[in-house]
Amino acid sequence: MSAFKFVLNELKFSAKDRTLLLWMAVVLGLSSLSVGFGLSEVHSQKKVIENLIVSDRQDRIAEQGKLSDWGSAAYYNFHLTYNSPSGFAFAALGQRDEQPWKHRIRMLALEGQIYERDVGNPSVTLIGRFDFSFLASFVLPLVLIVLLYDLRASERTAGRYNLLESTAARPASLWRLRALIRVSAVSMCLLIPLVFAGWFAETDFLTLLSASTIVLAYAIFWSLVCYCFSAWRKSGSVILMTLIGIWSVTAIVIPASARLIVDRTVALPSGADILMLQREAVNDAWDLPKDATMKPFFERHPQWAHYQPEKSAFEWQWFFAFQQVGDQKTEALANAYRDGRLQRDHIAAWVSLIAPPSLLERSLQSLANTDFNASNRYESEVRAFHRKLREYYYPKFFNHEAFDKAALERLPEFNSGAQAAQ
């Protein structure tokens, strides 16, 4: 039998395989749903950002008409910061479901604002969102296991195993070809919706190509595992349970155990603790002598040390000084929180090397800019922008500059992706 005819016969056999056709339809449907949900969520987030940009500008213009001094301008003006979803975010929403991606910042103490977030959907928090990265990482291996575990066992049970091997020039090539056809068919059904969604979302070609390549490599890995175990001279049920066990260990047991161990070994203060400490520091400042506030403030800003607090009960310089001092008092805790999260993520990256589903999910989130690093970059951008606000207003406070509404047009503007580098 020629190689061409051999391949053609296997293709015809696979085309009549109802099990394969059923799973192809299931994967195609699930993939379409996953990218559809992702596109809908990304569109919703973009729409929210667009509306907030417009309303933020309108609110600031309306508020500026009521202002009469720099202090009230700094106090009442809100500034929108946001982390726009990337062109590939629809496939892997990642940290965008868990971490804030928008804030309205004032020139008050920052820690009390940066850890505030919208209340999310509790069901999403509990079970996670069904996106393409979840489908490819955790569901695809199960489909491949179902299709490949009894590649040989079913033929032994049906009594056709010896006949099939005797009619094939190379018996091993028969099973390799059959496995290749099944894996290729399922992978095609998985990736076609991703490619169409990427085209619709105007995803960068290299990003889409990289994601497809990574998913294919992942499918090949699980196919090799299944193919090797399918040669095991055991019943199909034994092979199936063994493969399910391998999937359970790599997809559930290792990540869950590692997270439990890391959470207990890497100390991490909560954002609520930081928020409460900062608020207590700010609230206590009202009852303290002004010198208790101005001294630590001048230590951080010696250029304003010539300023002498007035005897009046309230002045804007003192008010915003103790706002910053409140941040300074929580600085060590905030740094510990950031460093602890970085350390946990670093350990999780190493653990994912022995947990392929987690590794694929992290890889797709990295391509989509929805991983922990992207969330951390956004937080750094917010902090940099808030620092620019202080640098804009402090000279006006401490140099007693005359209030000029026209100068408010030169207020710093948040530019996502550009703040952290400045």
# chains A, B, ... in the order shown; residues from 1 in each chain; ligands from 1

$ closest_atom_pairs --of "segment 264-359 of chain A" --to "segment 211-232 of chain A" --cutoff "12 Å" --atoms "only C-alpha atoms" --output "Markdown table"
| residue | atom | partner | partner_atom | distance |
| --- | --- | --- | --- | --- |
| A:Ala355 | CA | A:Tyr218 | CA | 11.6 |
| A:Pro356 | CA | A:Tyr218 | CA | 7.8 |
| A:Pro357 | CA | A:Tyr218 | CA | 8.5 |
| A:Ser358 | CA | A:Tyr218 | CA | 11.2 |
| A:Leu359 | CA | A:Tyr218 | CA | 9.6 |

$ residues_around --residues "Met107 of chain A" --least-positions-apart "6" --cutoff "8 Å" --atoms "only C-alpha atoms" --output "JSON, numbers by chain"
{"A": [74, 75, 320, 386, 389, 390]}

$ residues_around --residues "segment 241-254 of chain A" --least-positions-apart "3" --cutoff "12 Å" --atoms "only C-alpha atoms" --output "count of residues only"
50

$ atom_distance --atom1 "atom CA of Gln113 of chain A" --atom2 "atom CA of Ser86 of chain A"
24.5 Å

$ atom_distance --atom1 "atom CA of Tyr82 of chain A" --atom2 "atom CA of Ser416 of chain A"
6.7 Å

$ closest_residue --among "A:Arg60, A:Gly36, A:Asp287, A:Leu342" --to "Gly198 of chain A" --atoms "only C-alpha atoms"
A:Gly36

$ closest_residue --among "A:Asp97, A:Trp199, A:Trp70, A:Leu39" --to "Glu315 of chain A" --atoms "only C-alpha atoms"
A:Trp70

$ residues_around --residues "Ser375 of chain A" --least-positions-apart "6" --cutoff "8 Å" --atoms "only C-alpha atoms" --output "list in words"
Gln95, Arg96, Gln99 and Trp101 of chain A

$ select_by_dssp --residues "segment 54-262 of chain A" --states "strand (DSSP E or B)" --output "JSON list (two decimals) with C-alpha atoms, in the first residue's frame"
[["chain", "number", "residue", "atom", "x", "y", "z"],
["A", 79, "HIS", "CA", -7.78, 62.41, 37.53],
["A", 80, "LEU", "CA", -8.59, 59.20, 35.69],
["A", 81, "THR", "CA", -5.91, 56.53, 35.42],
["A", 82, "TYR", "CA", -6.51, 53.33, 33.50],
["A", 102, "LYS", "CA", -8.83, 51.96, 36.60],
["A", 103, "HIS", "CA", -8.71, 54.59, 39.36],
["A", 104, "ARG", "CA", -9.86, 58.15, 39.91],
["A", 105, "ILE", "CA", -6.93, 59.77, 41.69]]

$ atom_distance --atom1 "atom CA of Asp204 of chain A" --atom2 "atom CA of Asn369 of chain A"
12.6 Å

$ closest_residue --among "A:Phe205, A:Tyr307, A:Phe314, A:Phe385" --to "Phe397 of chain A" --atoms "only C-alpha atoms"
A:Tyr307

$ residues_around --residues "Val26 of chain A" --least-positions-apart "6" --cutoff "12 Å" --atoms "only C-alpha atoms" --output "list in words"
Thr19, Leu20, Ser32, Leu33, Leu135, Val139, Leu140, Val143, Ala185, Val186, Ser187, Cys189 and Leu190 of chain A

$ select_by_dssp --residues "segment 49-256 of chain A" --states "alpha helix (DSSP H)" --output "PyMOL selection string"
chain A and resi 49-64+70-76+111-114+122-127+132-134+140-148+153-158+161-167+171-200+205-230+236-248+254-256

$ closest_residue --among "A:Gly112, A:Ala384, A:Glu310, A:Ala349" --to "Ser363 of chain A" --atoms "only C-alpha atoms"
A:Ala349

$ residues_around --residues "Arg344 of chain A" --least-positions-apart "3" --cutoff "8 Å" --atoms "only C-alpha atoms" --output "mmCIF file with N, CA and C atoms, in the first residue's frame"
data_model
loop_
_atom_site.group_PDB
_atom_site.id
_atom_site.type_symbol
_atom_site.label_atom_id
_atom_site.label_comp_id
_atom_site.auth_asym_id
_atom_site.auth_seq_id
_atom_site.Cartn_x
_atom_site.Cartn_y
_atom_site.Cartn_z
ATOM 1 N N VAL A 262 3.442 28.603 49.417
ATOM 2 C CA VAL A 262 3.981 29.948 49.197
ATOM 3 C C VAL A 262 3.258 30.964 50.067
ATOM 4 N N ASP A 263 1.935 30.849 50.159
ATOM 5 C CA ASP A 263 1.167 31.793 50.979
ATOM 6 C C ASP A 263 1.591 31.739 52.442
ATOM 7 N N VAL A 266 5.810 32.983 52.364
ATOM 8 C CA VAL A 266 6.122 34.354 51.943
ATOM 9 C C VAL A 266 5.118 35.291 52.596
ATOM 10 N N GLY A 340 6.541 41.225 48.330
ATOM 11 C CA GLY A 340 5.989 39.906 48.615
ATOM 12 C C GLY A 340 5.225 39.343 47.431
ATOM 13 N N ARG A 341 4.462 40.194 46.778
ATOM 14 C CA ARG A 341 3.733 39.749 45.587
ATOM 15 C C ARG A 341 4.691 39.366 44.470
ATOM 16 N N ILE A 347 8.108 32.676 42.403
ATOM 17 C CA ILE A 347 8.057 31.263 42.782
ATOM 18 C C ILE A 347 7.033 30.522 41.932
ATOM 19 N N ALA A 348 5.882 31.167 41.699
ATOM 20 C CA ALA A 348 4.843 30.540 40.875
ATOM 21 C C ALA A 348 5.348 30.269 39.461
#

$ closest_residue --among "A:Pro412, A:Gln328, A:Leu333, A:Phe130" --to "Glu299 of chain A" --atoms "only C-alpha atoms"
A:Gln328

$ residues_around --residues "Phe37 of chain A" --least-positions-apart "3" --cutoff "8 Å" --atoms "only C-alpha atoms" --output "MDAnalysis selection string"
chainID A and resid 33:34 40:41 90 130:131

$ write_last_selection --atoms "C-alpha atoms" --output "compact mmCIF listing (two decimals), in the first residue's frame"
# COMPACT_ATOMS: atom_id res chain seq x y z
CA LEU A 33 -17.70 30.79 23.25
CA SER A 34 -14.45 31.51 25.09
CA SER A 40 -17.35 41.02 24.93
CA GLU A 41 -15.50 41.68 28.20
CA PHE A 90 -9.68 38.76 24.97
CA PHE A 130 -14.02 31.05 31.12
CA ASP A 131 -11.59 32.44 28.57

$ closest_residue --among "A:Leu22, A:Val54, A:Ala407, A:Ala321" --to "Pro296 of chain A" --atoms "only C-alpha atoms"
A:Ala321
